[in-house]
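Engineer: Next comes protein_14.txt, compact mmCIF, C-alpha atoms:
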# COMPACT_ATOMS: atom_id res chain seq x y z
CA MET R 8 -74.79 -66.98 105.18
CA ARG R 9 -77.36 -69.59 106.00
CA LEU R 10 -81.07 -68.84 106.28
CA GLY R 11 -82.29 -68.55 109.79
CA GLN R 12 -78.99 -67.48 111.25
CA PRO R 13 -78.62 -63.86 112.26
CA PRO R 14 -75.87 -62.12 110.52
CA GLN R 15 -72.70 -61.86 112.42
CA GLN R 16 -72.09 -58.31 113.43
CA GLN R 17 -68.53 -57.21 113.47
CA TYR R 18 -67.76 -54.52 115.96
CA MET R 19 -64.77 -52.13 115.35
CA GLN R 20 -62.99 -50.31 118.14
CA PRO R 21 -63.42 -46.52 117.86
CA PRO R 22 -60.24 -44.71 116.83
CA PRO R 23 -58.26 -43.12 119.67
CA PRO R 24 -58.80 -39.40 120.13
CA VAL R 25 -56.37 -37.14 118.24
CA PRO R 26 -54.10 -35.36 120.72
CA PRO R 27 -54.24 -31.54 120.50
CA LEU R 28 -51.43 -29.75 118.66
CA PRO R 29 -48.79 -28.23 120.94
CA PRO R 30 -49.09 -24.45 121.27
CA GLU R 31 -46.85 -22.35 119.08
CA PRO R 32 -43.77 -21.18 120.95
CA ARG R 33 -44.22 -17.58 122.03
CA ALA R 34 -41.55 -14.97 121.61
CA ARG R 35 -39.20 -14.79 124.51
CA ARG R 36 -39.69 -11.69 126.55
CA PHE R 37 -37.11 -9.72 128.56
CA GLY R 38 -38.58 -11.06 131.81
CA ASP R 39 -37.85 -14.62 130.72
CA ILE R 40 -34.09 -14.00 130.45
CA PRO R 41 -32.21 -15.23 133.52
CA ILE R 42 -31.06 -12.36 135.71
CA LYS R 43 -27.45 -13.67 135.64
CA ALA R 44 -27.40 -13.28 131.85
CA VAL R 45 -28.67 -9.71 132.15
CA TYR R 46 -25.92 -8.83 134.63
CA LEU R 47 -23.29 -10.46 132.43
CA VAL R 48 -24.33 -8.51 129.32
CA GLY R 49 -24.49 -5.28 131.34
CA ALA R 50 -21.00 -5.84 132.70
CA ILE R 51 -19.61 -6.47 129.22
CA LEU R 52 -21.25 -3.33 127.83
CA GLY R 53 -20.01 -1.27 130.77
CA THR R 54 -16.45 -2.44 130.24
CA VAL R 55 -16.56 -1.61 126.51
CA VAL R 56 -17.94 1.88 127.19
CA ALA R 57 -15.30 2.52 129.86
CA VAL R 58 -12.49 1.53 127.50
CA LEU R 59 -13.87 3.79 124.77
CA LEU R 60 -14.14 6.72 127.18
CA VAL R 61 -10.56 6.25 128.34
CA PHE R 62 -9.40 6.20 124.72
CA VAL R 63 -11.31 9.38 123.86
CA VAL R 64 -10.25 11.31 126.95
CA PHE R 65 -6.58 10.40 126.91
CA ARG R 66 -5.86 10.17 123.22
CA GLY R 67 -3.53 12.81 121.87
CA ASP R 68 0.12 13.56 121.60
CA VAL R 69 2.05 12.98 124.78
CA PRO R 70 5.62 14.20 124.67
CA THR R 71 8.10 11.37 124.63
CA ASN R 72 10.57 10.67 127.43
CA GLN R 73 8.36 12.14 130.15
CA GLN R 74 10.24 12.49 133.39
CA PRO R 75 8.96 10.74 136.56
CA GLY R 76 6.66 12.98 138.57
CA GLU R 77 6.43 15.61 135.84
CA GLN R 78 2.88 16.43 134.82
CA ILE R 79 2.14 17.04 131.16
CA VAL R 80 -0.93 19.17 130.55
CA ARG R 81 -2.51 19.01 127.13
CA VAL R 82 -3.69 22.29 125.70
CA ALA R 83 -5.90 23.24 122.79
CA PRO R 84 -4.25 23.60 119.38
CA VAL R 85 -4.57 26.76 117.34
CA PRO R 86 -7.97 26.58 115.57
CA SER R 87 -7.86 25.62 111.90
CA VAL R 88 -9.23 27.90 109.20
CA SER R 89 -12.02 25.39 108.55
CA ALA R 90 -13.34 25.80 112.11
CA THR R 91 -13.35 29.03 114.09
CA PRO R 92 -11.37 31.99 112.71
CA THR R 93 -7.65 31.84 113.40
CA VAL R 94 -5.66 34.43 115.26
CA SER R 95 -4.74 36.96 112.61
CA THR R 96 -1.22 38.35 112.27
CA SER R 97 -2.69 41.57 110.85
CA PRO R 98 -3.72 44.30 113.31
CA THR R 99 -7.37 45.20 113.66
CA PRO R 100 -8.39 48.86 113.19
CA THR R 101 -8.20 49.36 116.99
CA GLU R 102 -4.64 47.97 117.32
CA THR R 103 -1.44 49.92 116.84
CA PRO R 104 0.51 48.47 113.92
CA ILE R 105 3.73 46.75 114.96
CA VAL R 106 6.61 48.10 112.93
CA LEU R 107 9.54 45.71 112.46
CA PRO R 108 13.06 46.50 111.30
CA PRO R 109 14.15 45.03 107.93
CA VAL R 110 14.81 41.29 108.19
CA PRO R 111 18.33 40.19 107.19
CA ASP R 112 18.46 37.70 104.34
CA SER R 113 20.95 35.69 106.36
CA LYS R 114 22.35 36.05 109.87
CA LYS R 115 23.77 33.25 111.99
CA TYR R 116 22.33 32.78 115.46
CA ALA R 117 25.02 33.96 117.88
CA THR R 118 25.65 32.05 121.09
CA LEU R 119 23.62 33.76 123.79
CA SER R 120 24.68 34.32 127.38
CA GLY R 121 23.63 32.09 130.24
CA THR R 122 23.91 28.35 130.87
CA ALA R 123 22.08 25.85 128.66
CA SER R 124 19.58 23.62 130.43
CA SER R 125 20.06 19.87 130.22
CA VAL R 126 18.13 18.10 127.47
CA THR R 127 16.15 15.31 129.10
CA GLY R 128 14.37 13.98 126.02
CA THR R 129 12.43 14.96 122.93
CA ILE R 130 8.99 16.50 122.74
CA THR R 131 7.06 15.12 119.79
CA ASP R 132 4.19 17.38 118.79
CA LYS R 133 2.15 15.24 116.42
CA ASN R 134 -0.53 17.93 116.10
CA SER R 135 2.00 20.23 114.47
CA GLY R 136 4.35 17.63 113.02
CA ILE R 137 7.60 18.71 114.66
CA SER R 138 9.93 17.62 117.46
CA TYR R 139 12.29 19.62 119.65
CA PRO R 140 14.23 19.24 122.92
CA ARG R 141 12.58 18.65 126.28
CA LEU R 142 14.47 20.76 128.79
CA ALA R 143 15.14 19.95 132.43
CA SER R 144 13.75 21.79 135.46
CA PRO R 145 12.89 24.62 136.02
CA TRP R 146 11.15 24.15 132.66
CA LYS R 147 7.76 22.45 133.12
CA ALA R 148 5.03 21.50 130.66
CA LYS R 149 1.93 23.50 131.53
CA SER R 150 -1.31 24.53 129.89
CA PHE R 151 -0.86 27.51 127.58
CA PRO R 152 -3.48 27.92 124.78
CA PRO R 153 -3.54 28.28 121.88
CA PHE R 154 -0.44 26.09 121.62
CA SER R 155 -0.36 22.31 121.26
CA ILE R 156 2.45 21.83 123.77
CA ALA R 157 4.21 24.34 126.01
CA GLN R 158 7.18 24.31 128.37
CA ARG R 159 7.17 27.14 130.88
CA ILE R 160 9.08 28.70 133.75
CA GLY R 161 7.05 30.46 136.42
CA LYS R 162 3.40 31.41 136.40
CA VAL R 163 1.27 32.04 133.35
CA ALA R 164 1.58 35.82 133.08
CA ILE R 165 2.89 38.47 130.71
CA PRO R 166 5.78 38.69 129.96
CA HIS R 167 5.88 34.95 129.35
CA THR R 168 8.85 32.61 129.76
CA VAL R 169 7.74 29.95 127.34
CA ILE R 170 8.67 27.43 124.65
CA ALA R 171 5.63 26.40 122.63
CA SER R 172 4.60 24.76 119.37
CA ALA R 173 1.50 24.93 117.18
CA MET R 174 0.51 25.39 113.59
CA TYR R 175 1.29 28.87 112.26
CA PRO R 176 -1.40 31.14 113.78
CA GLY R 177 -2.03 33.31 110.71
CA GLU R 178 -4.14 32.65 107.66
CA SER R 179 -3.13 29.65 105.59
CA PRO R 180 -1.13 30.68 102.49
CA GLU R 181 -2.94 30.41 99.16
CA LYS R 182 -0.30 27.94 98.02
CA LYS R 183 2.36 25.95 99.80
CA PRO R 184 5.55 28.01 100.39
CA SER R 185 8.54 26.80 98.43
CA SER R 186 11.48 29.19 98.76
CA ASN R 187 13.54 30.38 101.71
CA ALA R 188 12.14 33.86 101.10
CA ASP R 189 8.60 32.49 101.49
CA TYR R 190 9.36 30.91 104.83
CA ARG R 191 11.34 33.98 105.99
CA GLU R 192 8.28 36.16 105.32
CA ILE R 193 5.99 33.77 107.22
CA ALA R 194 8.47 33.70 110.13
CA THR R 195 8.41 37.50 110.14
CA GLN R 196 4.63 37.53 110.50
CA ALA R 197 4.87 34.92 113.27
CA ALA R 198 7.37 37.13 115.14
CA ARG R 199 4.96 40.06 114.82
CA TRP R 200 2.22 37.86 116.30
CA THR R 201 4.39 37.01 119.33
CA ILE R 202 5.05 40.71 120.01
CA ARG R 203 1.30 41.25 120.25
CA THR R 204 0.50 38.17 122.35
CA GLN R 205 3.48 37.41 124.62
CA TYR R 206 4.54 40.83 125.91
CA PRO R 207 3.03 43.91 127.58
CA GLU R 208 1.31 46.43 125.33
CA GLY R 209 3.77 48.72 123.62
CA ALA R 210 6.52 46.09 123.30
CA GLU R 211 8.88 46.56 120.37
CA LEU R 212 11.11 44.28 118.36
CA ASP R 213 14.39 46.20 118.42
CA GLU R 214 16.83 43.88 116.70
CA TRP R 215 17.00 40.69 114.66
CA THR R 216 19.62 38.46 116.25
CA ALA R 217 19.34 35.67 113.67
CA SER R 218 17.88 34.88 110.26
CA GLN R 219 18.76 31.43 108.99
CA LYS R 220 17.50 28.27 107.33
CA ILE R 221 16.50 25.43 109.64
CA PRO R 222 19.07 22.59 109.99
CA VAL R 223 16.78 19.86 108.59
CA GLY R 224 13.92 20.23 106.12
CA LYS R 225 12.33 23.39 104.74
CA GLY R 226 11.73 26.39 106.95
CA TRP R 227 13.23 29.47 108.55
CA THR R 228 14.35 30.67 111.98
CA LEU R 229 14.38 34.25 113.23
CA GLY R 230 15.96 35.38 116.48
CA TYR R 231 15.12 38.78 117.94
CA LYS R 232 15.38 41.08 120.96
CA VAL R 233 12.22 42.60 122.41
CA THR R 234 12.04 45.65 124.70
CA TYR R 235 9.04 46.53 126.85
CA THR R 236 8.08 48.37 130.04
CA PHE R 237 7.06 46.22 132.98
CA GLY R 238 6.52 47.40 136.56
CA GLY R 239 7.61 50.88 135.52
CA LYS R 240 10.99 49.55 134.36
CA GLU R 241 12.26 49.02 130.82
CA GLN R 242 13.26 45.41 130.27
CA GLU R 243 14.24 43.14 127.41
CA ALA R 244 13.66 39.57 126.30
CA GLN R 245 15.42 37.25 123.89
CA ALA R 246 13.12 35.32 121.58
CA MET R 247 13.05 33.04 118.55
CA VAL R 248 10.51 31.70 116.11
CA THR R 249 10.87 28.88 113.60
CA VAL R 250 8.40 27.96 110.85
CA ILE R 251 8.73 24.47 109.35
CA GLU R 252 7.22 22.76 106.32
CA VAL R 253 5.27 19.71 107.53
CA GLY R 254 3.53 18.51 104.36
CA LYS R 255 0.69 21.04 104.51
CA THR R 256 0.03 24.44 103.02
CA LYS R 257 0.29 25.98 106.48
CA PRO R 258 3.65 25.42 108.23
CA ALA R 259 4.23 24.46 111.85
CA MET R 260 5.65 26.97 114.30
CA LEU R 261 7.97 26.75 117.29
CA MET R 262 8.37 29.92 119.33
CA ALA R 263 10.21 30.78 122.53
CA SER R 264 10.54 33.89 124.63
CA ILE R 265 12.70 34.38 127.73
CA PRO R 266 12.51 37.74 129.58
CA GLU R 267 15.57 39.12 131.34
CA THR R 268 14.19 37.93 134.69
CA ASN R 269 15.24 34.46 133.46
CA LYS R 270 18.20 35.56 131.35
CA THR R 271 20.32 32.76 132.77
CA ARG R 272 18.23 30.56 130.41
CA TRP R 273 18.83 32.57 127.23
CA ARG R 274 21.30 29.92 126.00
CA ASP R 275 18.35 27.49 125.77
CA LEU R 276 17.23 29.33 122.63
CA ASN R 277 20.40 28.12 120.88
CA THR R 278 19.54 24.55 121.87
CA LEU R 279 16.07 24.83 120.36
CA VAL R 280 17.26 26.40 117.12
CA GLN R 281 19.84 23.67 116.58
CA GLN R 282 17.60 20.69 117.34
CA VAL R 283 14.09 21.47 116.09
CA ARG R 284 13.03 18.99 113.38
CA PRO R 285 10.03 18.03 111.24
CA LEU R 286 8.65 14.57 112.05
Kindly transcribe the structure held in the file into structure tokens.

Structural biologist:
Amino acid sequence: MRLGQPPQQQYMQPPPPVPPLPPEPRARRFGDIPIKAVYLVGAILGTVVAVLLVFVVFRGDVPTNQQPGEQIVRVAPVPSVSATPTVSTSPTPTETPIVLPPVPDSKKYATLSGTASSVTGTITDKNSGISYPRLASPWKAKSFPPFSIAQRIGKVAIPHTVIASAMYPGESPEKKPSSNADYREIATQAARWTIRTQYPEGAELDEWTASQKIPVGKGWTLGYKVTYTFGGKEQEAQAMVTVIEVGKTKPAMLMASIPETNKTRWRDLNTLVQQVRPL
């Protein structure tokens, strides 16, 4: 720098202002979601719920080979011992004990009178673990608690014309039955239970018409004749009960009773006895 000359002043441009930071993104609220997306999600959820409801309502054991136009009505199974108390085969103090004649160790089921109904298919009772014939009209599947599945003729009234399956309605045995004698005794108690529940008060089991091992698997069948008074007139019914081992301590049960008002169907009992099977 020379003397006498003013110093040269250097001017610097001021720095540009710093732009403000962008605001932090806020959480997306429900009102920010497009309405089309809301409707889409709602429709999907509604469809899923509807499918689940259909599954829950209609799940269960539907007999196979259902005939066109024939309505199958599901009924409640016999309660298990772990839930509400089961129907007991023993009389309460207010009931008259049902006395049965001695059960034969072995007696073949004779061919009953009447005409056998056509077999239109097989009923598969998965609740009980057995299958047996589906019979043609006039047999119809109708509601009849406490059985899993029931085929009936006529209205629901005592004396019943019915074929029905369920787990054995008495107390579960302490251990799983193993011998024919075990199953014969359980079948005897099941027959006593039917006398109390399927016929007018005072009905009696007069005669055992059969006592035999089931054709397939472990179990026992008893056939019997029941007499009772109905409408001031003494009448009779032919009946059968089969208990079947199904992999549990408690066996499954198939029972059938046909009063003399439908005695033309008595031969159907032979069909059931010959074709009942464990699954």

Engineer: Tell me which of R:Ile202, R:Ala210, R:Val283, R:Ala263 sits closest to R:Gly224, counting all atoms listed in the file.

Structural biologist: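 Closest candidate: R:Val283.
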
Engineer: Under the rule that all atoms listed in the file are counted, which of R:Gly128, R:Pro108, R:Gly226, R:Gly239 is the nearest residue to R:Glu252?

Structural biologist: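 Of all the options, R:Gly226 lies closest to R:Glu252.
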
Engineer: In Å, with one decimal, what is the gap from atom CA of R:Val248 to atom CA of R:Thr278?

Structural biologist: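 Rounded to one decimal, the two atoms are 12.9 Å apart.
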
Engineer: Which residue, R:Pro222, R:Pro266, R:Val253, R:Lys149, has the smallest gap to R:Tyr235 when you use all atoms listed in the file?

Structural biologist: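 Selected residue with least distance to R:Tyr235: R:Pro266.
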
Engineer: Quick one: pull the distance between atom CA of R:Thr127 and atom CA of R:Val163, Å, one decimal.

Structural biologist: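 Interatomic distance, atom CA of R:Thr127 to atom CA of R:Val163: 22.8 Å.
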
Engineer: Which residues, written as a PyMOL selection string, have at least one atom at most 10 Å from R:Leu212, with all atoms listed in the file counted and residues fewer than 6 positions away on the same chain left out?

Structural biologist: chain R and resi 105-108+198-199+201-202+231-235+243-246

Engineer: Convert the current residue selection to file output with C-alpha atoms, as a short mmCIF file (atom, residue, chain, number, x, y, z; two decimals), in the frame of the given file.

Structural biologist:
data_model
loop_
_atom_site.label_atom_id
_atom_site.label_comp_id
_atom_site.auth_asym_id
_atom_site.auth_seq_id
_atom_site.Cartn_x
_atom_site.Cartn_y
_atom_site.Cartn_z
CA ILE R 105 3.73 46.75 114.96
CA VAL R 106 6.61 48.10 112.93
CA LEU R 107 9.54 45.71 112.46
CA PRO R 108 13.06 46.50 111.30
CA ALA R 198 7.37 37.13 115.14
CA ARG R 199 4.96 40.06 114.82
CA THR R 201 4.39 37.01 119.33
CA ILE R 202 5.05 40.71 120.01
CA TYR R 231 15.12 38.78 117.94
CA LYS R 232 15.38 41.08 120.96
CA VAL R 233 12.22 42.60 122.41
CA THR R 234 12.04 45.65 124.70
CA TYR R 235 9.04 46.53 126.85
CA GLU R 243 14.24 43.14 127.41
CA ALA R 244 13.66 39.57 126.30
CA GLN R 245 15.42 37.25 123.89
CA ALA R 246 13.12 35.32 121.58
#

Engineer: For atom CA of R:Ser172 and atom CA of R:Gly238, determine how far apart the two atoms are, in Å to one decimal place.

Structural biologist: 28.5 Å

Engineer: Using all atoms listed in the file, which residue out of R:Lys257, R:Pro109, R:Leu276, R:Gly136 lies closest to R:Thr195?

Structural biologist: R:Pro109

Engineer: Name all residues at most 8 Å from R:Ser124 (count all atoms listed in the file; drop same-chain ones fewer than 2 positions away) and give them as JSON, numbers by chain.

Structural biologist: {"R": [122, 126, 142, 143, 144, 272, 274, 275]}

Engineer: Considering all atoms listed in the file, can you say which of R:Ile251, R:Val169, R:Val223, R:Ile130 comes closest to R:Tyr190?

Structural biologist: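 Smallest separation from R:Tyr190 among the options: R:Ile251.
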
Engineer: In the coordinate frame of the file, compute which residues have an atom within 10 Å of (12.1, 17.8, 121.0) when using only C-alpha atoms, and state them as number ranges by chain.

Structural biologist: R: 70-72, 126-132, 137-142, 279, 282-285
